[in-house]
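Pasting coords.cif here (mmCIF, C-alpha atoms):
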data_target
#
loop_
_atom_site.label_atom_id
_atom_site.label_comp_id
_atom_site.auth_asym_id
_atom_site.auth_seq_id
_atom_site.Cartn_x
_atom_site.Cartn_y
_atom_site.Cartn_z
CA MET A 1 95.07 127.96 1.22
CA LEU A 2 91.45 126.89 1.42
CA ALA A 3 90.32 129.37 4.05
CA GLY A 4 86.86 130.61 3.21
CA LEU A 5 87.00 129.41 -0.37
CA LEU A 6 83.72 129.98 -2.25
CA ALA A 7 82.53 127.27 -4.59
CA VAL A 8 79.57 126.74 -6.86
CA THR A 9 79.92 123.01 -7.47
CA GLY A 10 80.06 119.98 -5.22
CA PRO A 11 83.77 119.23 -5.55
CA ALA A 12 84.98 122.69 -6.41
CA PHE A 13 86.06 126.13 -5.34
CA GLY A 14 86.85 129.91 -5.32
CA ALA A 15 86.67 133.51 -4.01
CA ASP A 16 88.80 136.53 -3.21
CA ALA A 17 91.05 136.67 -0.13
CA GLU A 18 89.31 139.64 1.51
CA LYS A 19 85.91 137.95 1.50
CA THR A 20 87.33 134.61 2.70
CA ALA A 21 88.84 136.29 5.76
CA ASP A 22 85.55 138.07 6.46
CA VAL A 23 83.55 134.84 6.31
CA GLU A 24 85.92 133.03 8.66
CA THR A 25 85.94 136.00 11.07
CA ALA A 26 82.14 136.14 11.06
CA ALA A 27 81.92 132.44 11.87
CA ASN A 28 84.39 132.75 14.74
CA GLU A 29 82.57 135.80 16.12
CA ALA A 30 79.27 133.92 16.04
CA VAL A 31 80.73 131.10 18.14
CA ALA A 32 82.18 133.62 20.61
CA ASP A 33 78.81 135.37 20.88
CA ASP A 34 77.12 132.06 21.64
CA ALA A 35 79.60 131.31 24.42
CA ALA A 36 79.02 134.77 25.92
CA ALA A 37 75.26 134.29 25.73
CA ALA A 38 75.57 130.98 27.56
CA ASP A 39 77.69 132.59 30.28
CA ASP A 40 75.07 135.31 30.73
CA GLY A 41 72.27 132.74 30.98
CA ALA A 42 70.69 134.17 27.85
CA ILE A 43 70.66 130.98 25.83
CA GLU A 44 66.93 130.33 26.43
CA THR A 45 65.96 133.55 24.65
CA ALA A 46 68.77 133.58 22.05
CA ALA A 47 68.16 133.98 18.34
CA GLU A 48 67.59 130.94 16.12
CA ASP A 49 71.21 130.83 14.99
CA ARG A 50 72.67 130.57 18.49
CA VAL A 51 74.12 127.25 19.63
CA SER A 52 71.92 125.46 22.15
CA ILE A 53 73.96 124.47 25.19
CA ASP A 54 71.36 121.80 26.04
CA GLU A 55 71.85 120.19 22.62
CA ILE A 56 75.63 120.28 23.04
CA ARG A 57 75.30 118.59 26.43
CA ARG A 58 73.08 115.92 24.86
CA PHE A 59 75.67 115.33 22.14
CA VAL A 60 78.47 115.00 24.72
CA SER A 61 76.37 112.48 26.65
CA VAL A 62 75.84 110.35 23.54
CA PHE A 63 79.51 110.68 22.57
CA ARG A 64 80.58 109.53 26.05
CA ALA A 65 78.12 106.62 26.03
CA VAL A 66 79.36 105.37 22.65
CA LYS A 67 82.98 105.72 23.68
CA GLN A 68 82.45 103.85 26.96
CA ALA A 69 79.92 101.18 26.01
CA TYR A 70 80.42 100.29 22.33
CA VAL A 71 81.49 96.69 21.87
CA GLU A 72 84.90 97.70 20.44
CA PRO A 73 87.19 100.62 21.32
CA ILE A 74 86.72 103.66 19.08
CA ASP A 75 89.32 106.31 18.37
CA ASP A 76 88.19 109.78 19.50
CA GLU A 77 89.15 111.45 16.22
CA ARG A 78 87.35 108.86 14.13
CA LEU A 79 84.23 109.15 16.26
CA MET A 80 84.22 112.94 16.14
CA ARG A 81 84.67 113.03 12.35
CA ALA A 82 81.78 110.60 11.97
CA ALA A 83 79.64 112.78 14.23
CA ILE A 84 80.42 115.91 12.25
CA ARG A 85 79.70 114.15 8.97
CA GLY A 86 76.40 113.03 10.45
CA LEU A 87 75.64 116.63 11.40
CA LEU A 88 76.12 117.72 7.80
CA SER A 89 74.45 114.71 6.17
CA ASP A 90 70.98 116.07 7.00
CA LEU A 91 71.70 119.30 5.12
CA ASP A 92 71.91 119.70 1.34
CA PRO A 93 74.01 117.23 -0.71
CA HIS A 94 76.85 119.73 -1.27
CA SER A 95 77.72 120.41 2.37
CA ALA A 96 80.45 118.10 3.66
CA TYR A 97 83.24 117.62 6.17
CA LEU A 98 86.56 117.03 4.41
CA ASP A 99 89.58 115.48 6.08
CA ALA A 100 93.08 116.76 5.32
CA SER A 101 93.50 114.45 2.33
CA GLN A 102 90.15 115.42 0.82
CA SER A 103 90.95 119.09 1.45
CA LYS A 104 94.21 118.66 -0.45
CA ASP A 105 92.32 117.06 -3.33
CA LEU A 106 89.93 120.01 -3.39
CA ASP A 107 92.81 122.45 -3.52
CA GLU A 108 94.47 120.49 -6.32
CA MET A 109 91.30 120.50 -8.41
CA ALA A 110 91.09 124.27 -8.07
CA THR A 111 94.47 124.57 -9.78
CA GLY A 112 93.57 122.03 -12.46
CA ALA A 113 96.20 119.42 -11.51
CA TYR A 114 95.60 116.29 -9.42
CA ASP A 115 96.18 112.53 -9.52
CA GLY A 116 93.16 110.41 -10.35
CA LEU A 117 90.66 109.49 -13.05
CA GLY A 118 89.12 112.81 -14.11
CA ILE A 119 85.58 112.02 -13.06
CA GLU A 120 82.93 114.10 -11.29
CA VAL A 121 80.44 112.14 -9.18
CA VAL A 122 77.49 112.83 -6.90
CA GLN A 123 76.22 110.66 -4.06
CA ASN A 124 72.72 109.17 -4.34
CA ALA A 125 70.22 108.43 -1.58
CA ASP A 126 71.21 104.73 -1.67
CA ARG A 127 74.89 105.75 -1.26
CA THR A 128 75.84 104.75 -4.78
CA LEU A 129 77.75 107.23 -6.91
CA THR A 130 76.41 108.68 -10.15
CA VAL A 131 78.71 110.21 -12.74
CA ILE A 132 77.88 113.84 -13.47
CA ALA A 133 80.46 114.05 -16.23
CA PRO A 134 83.93 112.75 -17.09
CA ILE A 135 86.39 115.58 -17.72
CA ASP A 136 87.62 115.82 -21.31
CA ASP A 137 90.76 113.83 -22.27
CA THR A 138 91.13 111.99 -18.95
CA PRO A 139 91.22 108.24 -18.17
CA ALA A 140 87.49 108.26 -17.38
CA ALA A 141 86.56 110.00 -20.63
CA ARG A 142 88.87 107.85 -22.77
CA ALA A 143 87.52 104.65 -21.20
CA GLY A 144 84.00 105.57 -22.27
CA ILE A 145 82.46 106.32 -18.89
CA ARG A 146 79.31 108.35 -19.44
CA PRO A 147 77.21 110.89 -17.57
CA GLY A 148 74.54 109.03 -15.62
CA ASP A 149 76.63 105.89 -15.11
CA VAL A 150 76.24 104.54 -11.56
CA ILE A 151 79.43 103.30 -9.89
CA VAL A 152 78.47 100.33 -7.70
CA GLU A 153 81.84 98.70 -7.02
CA ILE A 154 85.48 99.83 -6.80
CA ASP A 155 88.31 97.27 -6.76
CA GLY A 156 85.94 94.50 -5.72
CA ALA A 157 84.35 96.44 -2.85
CA THR A 158 80.64 97.20 -3.16
CA ILE A 159 79.86 100.83 -2.37
CA SER A 160 77.67 101.24 0.70
CA ALA A 161 76.72 103.83 3.29
CA GLU A 162 79.65 102.70 5.43
CA ASN A 163 82.37 103.11 2.79
CA VAL A 164 81.10 105.70 0.30
CA ASP A 165 83.55 108.39 1.43
CA ALA A 166 86.46 105.97 1.25
CA ALA A 167 85.25 104.85 -2.18
CA VAL A 168 85.38 108.39 -3.53
CA GLU A 169 88.85 108.85 -2.02
CA SER A 170 90.07 105.58 -3.56
CA MET A 171 89.56 106.93 -7.07
CA ARG A 172 92.51 109.23 -6.36
CA GLY A 173 95.98 107.71 -6.21
CA ALA A 174 99.50 107.63 -7.53
CA PRO A 175 99.90 108.01 -11.31
CA GLY A 176 100.31 104.66 -13.06
CA THR A 177 98.33 102.65 -10.51
CA MET A 178 95.30 100.72 -11.69
CA ILE A 179 91.71 100.76 -10.48
CA ARG A 180 88.73 98.63 -11.47
CA LEU A 181 85.18 100.02 -11.53
CA LYS A 182 81.90 98.17 -11.94
CA ILE A 183 79.24 100.39 -13.44
CA GLN A 184 75.50 100.09 -13.85
CA ARG A 185 74.27 101.64 -17.09
CA ASP A 186 70.63 101.93 -18.00
CA GLY A 187 69.74 99.66 -20.89
CA THR A 188 72.56 97.22 -20.09
CA ALA A 189 71.56 94.05 -18.25
CA GLU A 190 74.95 93.26 -16.74
CA LEU A 191 77.37 95.47 -14.85
CA LEU A 192 80.12 96.96 -17.00
CA ASP A 193 83.78 96.47 -16.04
CA PHE A 194 86.25 99.31 -16.48
CA GLU A 195 89.95 99.06 -15.67
CA LEU A 196 91.62 102.45 -15.64
CA LYS A 197 95.12 103.72 -14.99
CA ARG A 198 95.36 106.77 -12.75
CA GLU A 199 97.35 109.68 -14.07
CA THR A 200 98.14 113.26 -13.23
CA ILE A 201 95.16 115.18 -14.51
CA ARG A 202 96.25 118.51 -15.93
CA VAL A 203 93.07 119.87 -17.31
CA ALA A 204 93.22 122.67 -19.85
CA SER A 205 89.79 124.02 -19.10
CA ALA A 206 89.46 126.10 -22.30
CA LYS A 207 90.02 124.83 -25.84
CA GLY A 208 89.19 126.64 -29.06
CA ARG A 209 89.08 126.00 -32.79
CA MET A 210 87.55 127.44 -35.93
CA LEU A 211 84.42 125.70 -37.19
CA GLU A 212 83.90 127.62 -40.40
CA SER A 213 85.16 130.88 -41.79
CA GLY A 214 84.54 133.54 -39.18
CA ILE A 215 82.82 131.23 -36.67
CA GLY A 216 84.75 130.11 -33.62
CA TYR A 217 84.20 127.31 -31.12
CA LEU A 218 85.18 127.57 -27.44
CA ARG A 219 84.86 124.51 -25.21
CA ILE A 220 84.99 125.04 -21.42
CA SER A 221 85.31 121.68 -19.62
CA ASN A 222 85.25 123.06 -16.04
CA PHE A 223 86.01 126.26 -14.14
CA GLN A 224 89.38 126.32 -12.43
CA GLN A 225 91.81 129.01 -11.35
CA ASP A 226 92.95 130.20 -14.79
CA THR A 227 89.87 129.48 -16.91
CA GLY A 228 89.19 133.16 -17.62
CA LYS A 229 92.76 133.73 -18.82
CA GLU A 230 92.77 130.51 -20.85
CA ALA A 231 89.51 131.46 -22.56
CA ALA A 232 90.77 134.96 -23.38
CA ALA A 233 93.94 133.48 -24.89
CA GLN A 234 91.96 131.00 -26.99
CA LEU A 235 89.67 133.75 -28.29
CA ALA A 236 92.64 135.94 -29.17
CA LYS A 237 94.17 133.03 -31.08
CA LEU A 238 90.94 132.43 -32.99
CA ALA A 239 90.70 136.12 -33.91
CA LYS A 240 94.19 136.26 -35.47
CA GLY A 241 92.71 135.53 -38.88
CA GLY A 242 90.19 138.34 -38.49
CA ALA A 243 87.38 139.37 -36.18
CA LEU A 244 85.03 136.52 -35.29
CA GLN A 245 81.59 136.69 -36.89
CA GLY A 246 80.10 134.36 -34.31
CA LEU A 247 81.00 132.02 -31.44
CA VAL A 248 79.74 128.67 -30.18
CA LEU A 249 80.39 128.47 -26.42
CA ASP A 250 80.15 124.80 -25.43
CA LEU A 251 79.31 124.27 -21.75
CA ARG A 252 77.84 120.79 -22.12
CA SER A 253 78.82 118.28 -19.41
CA ASN A 254 80.64 121.07 -17.55
CA PRO A 255 80.31 120.27 -13.82
CA GLY A 256 81.21 123.78 -12.66
CA GLY A 257 84.02 125.01 -10.41
CA LEU A 258 85.25 128.39 -9.25
CA LEU A 259 82.70 131.18 -9.06
CA PHE A 260 85.21 133.93 -9.82
CA SER A 261 86.30 132.05 -12.96
CA ALA A 262 82.69 131.87 -14.14
CA VAL A 263 82.41 135.62 -13.60
CA ALA A 264 85.66 136.17 -15.53
CA LEU A 265 84.38 134.15 -18.50
CA ALA A 266 81.01 135.91 -18.66
CA ASP A 267 82.81 139.24 -18.34
CA LEU A 268 84.60 138.58 -21.64
CA PHE A 269 81.30 138.90 -23.49
CA LEU A 270 79.46 141.64 -21.59
CA GLU A 271 79.97 145.39 -21.79
CA GLU A 272 78.41 146.27 -18.45
CA GLY A 273 75.82 145.32 -15.85
CA GLU A 274 75.40 142.52 -13.35
CA ILE A 275 76.69 139.02 -14.02
CA VAL A 276 75.57 137.22 -10.86
CA SER A 277 74.50 137.97 -7.30
CA THR A 278 74.60 135.81 -4.19
CA ARG A 279 72.35 135.92 -1.15
CA GLY A 280 72.72 134.14 2.18
CA ARG A 281 72.27 134.66 5.92
CA LEU A 282 75.73 136.11 6.62
CA PRO A 283 76.35 139.67 5.38
CA TYR A 284 79.46 138.42 3.62
CA ALA A 285 77.45 135.86 1.64
CA ASN A 286 75.65 138.71 -0.16
CA SER A 287 77.41 140.09 -3.21
CA SER A 288 76.91 141.37 -6.74
CA GLN A 289 79.47 140.82 -9.50
CA LYS A 290 79.36 143.22 -12.46
CA ALA A 291 80.95 143.26 -15.90
CA GLN A 292 84.06 145.39 -16.24
CA ARG A 293 86.12 144.44 -19.28
CA GLY A 294 83.94 145.01 -22.32
CA ASP A 295 82.82 142.54 -24.99
CA VAL A 296 85.84 140.97 -26.74
CA LEU A 297 83.55 139.85 -29.59
CA LYS A 298 82.29 143.40 -30.18
CA GLY A 299 78.70 142.21 -30.28
CA ALA A 300 79.19 139.24 -32.63
CA PRO A 301 76.38 136.70 -32.08
CA MET A 302 76.85 133.82 -29.66
CA VAL A 303 75.22 130.44 -29.07
CA VAL A 304 75.73 128.66 -25.74
CA LEU A 305 75.35 124.86 -25.77
CA ILE A 306 74.11 123.23 -22.55
CA ASP A 307 72.79 119.86 -21.39
CA ALA A 308 71.83 118.07 -18.17
CA GLY A 309 75.52 117.97 -17.17
CA THR A 310 75.88 121.75 -17.32
CA ALA A 311 76.08 122.60 -13.63
CA SER A 312 76.86 125.29 -11.11
CA ALA A 313 79.52 127.74 -12.38
CA ALA A 314 78.61 126.79 -15.96
CA GLU A 315 75.02 127.73 -15.16
CA VAL A 316 76.19 131.08 -13.76
CA VAL A 317 77.67 131.91 -17.18
CA THR A 318 74.66 130.60 -19.07
CA ALA A 319 72.15 132.51 -16.94
CA ALA A 320 74.15 135.74 -17.26
CA LEU A 321 74.37 135.56 -21.06
CA GLN A 322 70.74 134.47 -21.43
CA ASP A 323 69.31 137.04 -19.00
CA ARG A 324 71.33 139.84 -20.59
CA LYS A 325 70.20 138.67 -24.05
CA ARG A 326 73.83 138.42 -25.10
CA ALA A 327 73.53 134.85 -26.38
CA LEU A 328 70.97 132.29 -27.45
CA VAL A 329 71.04 129.10 -25.38
CA MET A 330 70.64 125.79 -27.21
CA GLY A 331 70.42 122.21 -25.98
CA ASN A 332 68.66 120.67 -22.95
CA ARG A 333 67.68 121.86 -19.49
CA SER A 334 70.73 122.22 -17.25
CA PHE A 335 71.54 120.45 -13.97
CA GLY A 336 70.10 123.08 -11.61
CA LYS A 337 72.74 123.67 -8.94
CA GLY A 338 72.24 127.25 -7.82
CA SER A 339 74.04 127.21 -4.48
CA VAL A 340 77.41 128.49 -3.29
CA GLN A 341 79.68 126.67 -0.85
CA THR A 342 82.14 128.26 1.59
CA VAL A 343 85.10 126.15 2.62
CA LEU A 344 86.28 126.92 6.16
CA PRO A 345 89.45 125.52 7.77
CA ILE A 346 89.38 123.44 10.94
CA ASP A 347 92.36 123.63 13.30
CA ASN A 348 93.46 120.03 12.60
CA GLY A 349 93.86 120.54 8.85
CA ASP A 350 90.37 119.33 7.96
CA THR A 351 87.88 121.66 6.29
CA LEU A 352 84.15 122.31 6.37
CA LYS A 353 82.42 122.79 3.02
CA LEU A 354 79.11 124.47 3.81
CA THR A 355 76.39 125.83 1.56
CA THR A 356 76.12 129.49 2.56
CA SER A 357 74.16 131.18 -0.23
CA ARG A 358 72.16 130.85 -3.41
CA TYR A 359 73.15 132.63 -6.58
CA TYR A 360 70.85 134.58 -8.89
CA GLY A 361 71.06 135.60 -12.52
CA PRO A 362 70.84 139.24 -13.64
CA SER A 363 67.05 138.92 -13.93
CA GLY A 364 66.87 137.90 -10.27
CA ARG A 365 66.00 134.28 -10.99
CA SER A 366 67.40 131.32 -9.09
CA ILE A 367 68.09 128.15 -11.06
CA GLN A 368 68.36 125.98 -7.91
CA ALA A 369 66.68 122.60 -8.56
CA THR A 370 65.01 123.95 -11.72
CA GLY A 371 67.90 124.45 -14.11
CA ILE A 372 68.07 126.66 -17.16
CA VAL A 373 65.69 125.98 -20.02
CA PRO A 374 67.38 126.70 -23.37
CA ASP A 375 65.90 129.10 -25.89
CA ILE A 376 66.12 126.31 -28.47
CA VAL A 377 65.66 122.72 -27.28
CA LEU A 378 67.56 119.95 -29.06
CA PRO A 379 67.08 116.18 -28.75
CA GLU A 380 68.61 114.83 -25.57
CA ARG A 381 71.86 112.91 -25.96
CA VAL A 382 71.45 109.15 -25.51
CA GLU A 383 73.46 108.93 -22.27
CA TRP A 384 71.36 111.68 -20.66
CA ARG A 385 68.11 109.98 -21.66
CA GLU A 386 69.38 106.76 -20.07
CA ALA A 387 70.50 108.55 -16.91
CA ARG A 388 67.23 110.45 -16.63
CA ALA A 389 65.36 107.14 -16.73
CA LEU A 390 67.22 106.21 -13.54
CA GLY A 391 66.08 109.43 -11.89
CA THR A 392 69.62 110.61 -11.06
CA VAL A 393 70.44 113.30 -13.59
CA ARG A 394 69.80 116.70 -12.02
CA GLU A 395 70.02 118.60 -8.73
CA GLN A 396 66.30 118.10 -8.09
CA ASP A 397 66.93 114.33 -7.98
CA LEU A 398 69.44 114.56 -5.12
CA PRO A 399 68.22 113.82 -1.58
CA GLY A 400 68.00 116.92 0.60
CA HIS A 401 68.53 119.41 -2.23
CA LEU A 402 67.72 123.07 -1.59
CA GLU A 403 64.51 124.40 -3.05
CA ALA A 404 64.61 127.41 -5.33
CA GLU A 405 63.78 130.93 -4.18
CA GLN A 406 62.44 132.27 -7.43
CA GLY A 407 62.51 135.88 -8.41
CA GLY A 408 62.62 137.78 -11.68
CA THR A 409 62.36 135.77 -14.87
CA LYS A 410 61.11 132.23 -14.40
CA ALA A 411 63.51 129.40 -15.14
CA ASP A 412 60.82 127.35 -16.87
CA GLY A 413 59.97 129.62 -19.75
CA THR A 414 58.55 128.30 -22.99
CA PRO A 415 61.34 127.11 -25.28
CA SER A 416 61.26 126.35 -28.97
CA PRO A 417 60.18 122.75 -29.71
CA PRO A 418 62.92 120.13 -30.17
CA THR A 419 64.04 118.98 -33.58
CA SER A 420 64.35 115.33 -34.54
CA THR A 421 67.98 114.43 -35.35
CA SER A 422 70.33 113.41 -32.54
CA ASP A 423 73.86 112.49 -33.59
CA GLU A 424 76.74 113.77 -31.46
CA ASP A 425 77.74 116.80 -33.59
CA PHE A 426 74.21 117.84 -34.38
CA ALA A 427 74.15 120.55 -31.71
CA ILE A 428 77.30 122.19 -33.06
CA ARG A 429 75.98 122.10 -36.62
CA GLU A 430 72.69 123.63 -35.53
CA ALA A 431 74.55 126.33 -33.62
CA VAL A 432 76.62 127.18 -36.70
CA HIS A 433 73.50 127.41 -38.87
CA LEU A 434 71.89 129.72 -36.33
CA LEU A 435 74.99 131.91 -36.09
CA LYS A 436 75.15 132.28 -39.87
CA GLY A 437 71.58 133.50 -39.90
CA LEU A 438 72.20 135.91 -37.02
CA ALA A 439 75.37 137.27 -38.62
CA LEU A 440 73.51 137.86 -41.89
CA TYR A 441 70.72 139.65 -40.01
CA VAL A 442 73.25 141.87 -38.21
CA ARG A 443 74.94 142.81 -41.50
CA LYS A 444 71.63 143.68 -43.15
CA SER A 445 70.48 145.67 -40.13
CA GLY A 446 73.77 147.57 -40.06
#
Translate this structure into structure tokens?
Amino acid sequence: MLAGLLAVTGPAFGADAEKTADVETAANEAVADDAAAADDGAIETAAEDRVSIDEIRRFVSVFRAVKQAYVEPIDDERLMRAAIRGLLSDLDPHSAYLDASQSKDLDEMATGAYDGLGIEVVQNADRTLTVIAPIDDTPAARAGIRPGDVIVEIDGATISAENVDAAVESMRGAPGTMIRLKIQRDGTAELLDFELKRETIRVASAKGRMLESGIGYLRISNFQQDTGKEAAAQLAKLAKGGALQGLVLDLRSNPGGLLFSAVALADLFLEEGEIVSTRGRLPYANSSQKAQRGDVLKGAPMVVLIDAGTASAAEVVTAALQDRKRALVMGNRSFGKGSVQTVLPIDNGDTLKLTTSRYYGPSGRSIQATGIVPDIVLPERVEWREARALGTVREQDLPGHLEAEQGGTKADGTPSPPTSTSDEDFAIREAVHLLKGLALYVRKSG
């Protein structure tokens, strides 16, 4: 079920059942209150969140005029869906109206299994689609599609304002079927052709391995339903040879996902205290999530790797560990999506994905549109430099994005200066060197 699902990334998910019911109930009660106010003639003096009957009448008049006078007949359902999408299009870029098929896709992604390409995209002002990140070990990643690539054509059809929703939907499909993408990449004069075969994407969101003796590596590709459990299992496996002396937590090119899974991951490394809080206009959009489990690493040093593709739920984890001084953050400034979406069901099987709150780190800071600045800045990966040149890398580049409501520690603190080498494994090597130094310091201090 998608009722009242809370998400912290554009195409993703999550919350507990009690809160989802409360959010839906609150929304229904608000509509009922508006109707009662209209009946009582109180609409002229109603609060700012009441529905204006005059505006509704104006909408009905326009709807009727289009239906009666447009040059071709228009189906009522199609017209209404277009109207609702128009209503949401003037809000932030993460609020959307999803039909039944898109709602099913959303639900599938929450479980980590769906049919498609394994690609996360965001819509630009010109209605083209920019790749946030391909998911590890999927057709998109194996084909060499990069963060910052702009998809301009799908199966011969140029993407435009009229077909952008259908274009996104067309990337899903039966396993084994083919799809052709034309991609614009900065620094390449001609469009790039990619032919990919759709497959069932079963994403293992947590993967671990040992880097050197005593130092583990945990890669989180996105946050889905079982990410917390998967991460705990990977850490337990790594610790079989002895307690870890340090951990590299790799959240680069992680587009986000379920909020409760982000909380579960951060909780693995914190003894106590707040992980994240959310604030919105509805009482049920205000919450505070606190650590409960205890640190599975027993205080062993951590380095978190981030880049411009680290978004949403991944930023929740990063902010929690940085604010609580549990880990050093290394890499490049993150994407900057600090908002939470609530997914509400519509009676026809469609759903409404609406931004209902901002989230805040333990220090009280919001990373919305600003991102997280790492403690140690590394050279930007080539694909992110190219994407940034196009002006389409981060939340602040999206049309209609929410502005930050800053509080607590600023998100734009002074980081260490970047170093000069930039091959793909450089960040991991630097993290290992740092962890060795931290582990030595801890031993000497003890």
Can you turn the PyMOL selection byres ((chain A and resi 152-154) around 8) into a concrete residue list for this file, as a list in words?
-> Thr128, Leu129, Val150, Ile151, Asp155, Gly156, Ala157, Thr158, Ile159, Ala167, Ile179, Arg180, Leu181, Lys182, Ile183 and Gln184 of chain A
Phe223 (chain A) environment, 8 Å, all atoms listed in the file, sequence neighbours closer than 4 positions dropped, as a ChimeraX atom specification = /A:205,227,256-259,261-262,313-314
Centre, edges in Å (one decimal): axis-aligned box, region 81-89 of chain A, 4 Å padding on all six sides, as JSON:
{"center_x": 79.6, "center_y": 114.2, "center_z": 10.2, "size_x": 18.2, "size_y": 15.1, "size_z": 16.1}
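Our summary of the geometry notes that CA of Val317 (chain A) is positioned 7.2 Å from CA of Leu265 (chain A).
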Expected residue set, 8 Å radius at (79.4, 132.5, -41.4), only C-alpha atoms, as a PyMOL selection string | chain A and resi 212-215+245-246+432+435-436+439-440
Writing out the chosen residues with C-alpha atoms as a PDB file, in the coordinates of the input:
ATOM      1  CA  GLU A 212      83.900 127.620 -40.400  1.00  0.00           C
ATOM      2  CA  SER A 213      85.160 130.880 -41.790  1.00  0.00           C
ATOM      3  CA  GLY A 214      84.540 133.540 -39.180  1.00  0.00           C
ATOM      4  CA  ILE A 215      82.820 131.230 -36.670  1.00  0.00           C
ATOM      5  CA  GLN A 245      81.590 136.690 -36.890  1.00  0.00           C
ATOM      6  CA  GLY A 246      80.100 134.360 -34.310  1.00  0.00           C
ATOM      7  CA  VAL A 432      76.620 127.180 -36.700  1.00  0.00           C
ATOM      8  CA  LEU A 435      74.990 131.910 -36.090  1.00  0.00           C
ATOM      9  CA  LYS A 436      75.150 132.280 -39.870  1.00  0.00           C
ATOM     10  CA  ALA A 439      75.370 137.270 -38.620  1.00  0.00           C
ATOM     11  CA  LEU A 440      73.510 137.860 -41.890  1.00  0.00           C
TER      12      LEU A 440
END
Go through A:Arg281, A:Ser287, A:Lys353, A:Val168 and flag the residue nearest Gln123 (chain A), using all atoms listed in the file for the distances.
->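 Answer, going by the shortest atom-to-atom distance: A:Val168.
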Counting only C-alpha atoms, what is within 6 Å of Thr130 (chain A), bar same-chain residues fewer than 4 positions away, as a count of residues only?
-> 5
Name the residues that the PyMOL selection byres ((chain A and resi 136-146) around 6) pulls out of this structure, and write them as a ChimeraX atom specification.
-> /A:117-118,134-135,147,149
Take CA of Val131 (chain A) and CA of Thr310 (chain A) and report the distance between them in Å, one decimal.
-> 12.7 Å
Expanded to explicit residues, what is the PyMOL selection byres ((chain A and resi 231) around 8) for this file, as a PyMOL selection string?
-> chain A and resi 206-207+218+220+227-230+232-235+265
Distance criterion (only C-alpha atoms): nearest to Asn332 (chain A) out of A:Leu352, A:Ile306, A:Ala291, A:Ala264 =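 Of all the options, A:Ile306 lies closest to Asn332 (chain A).
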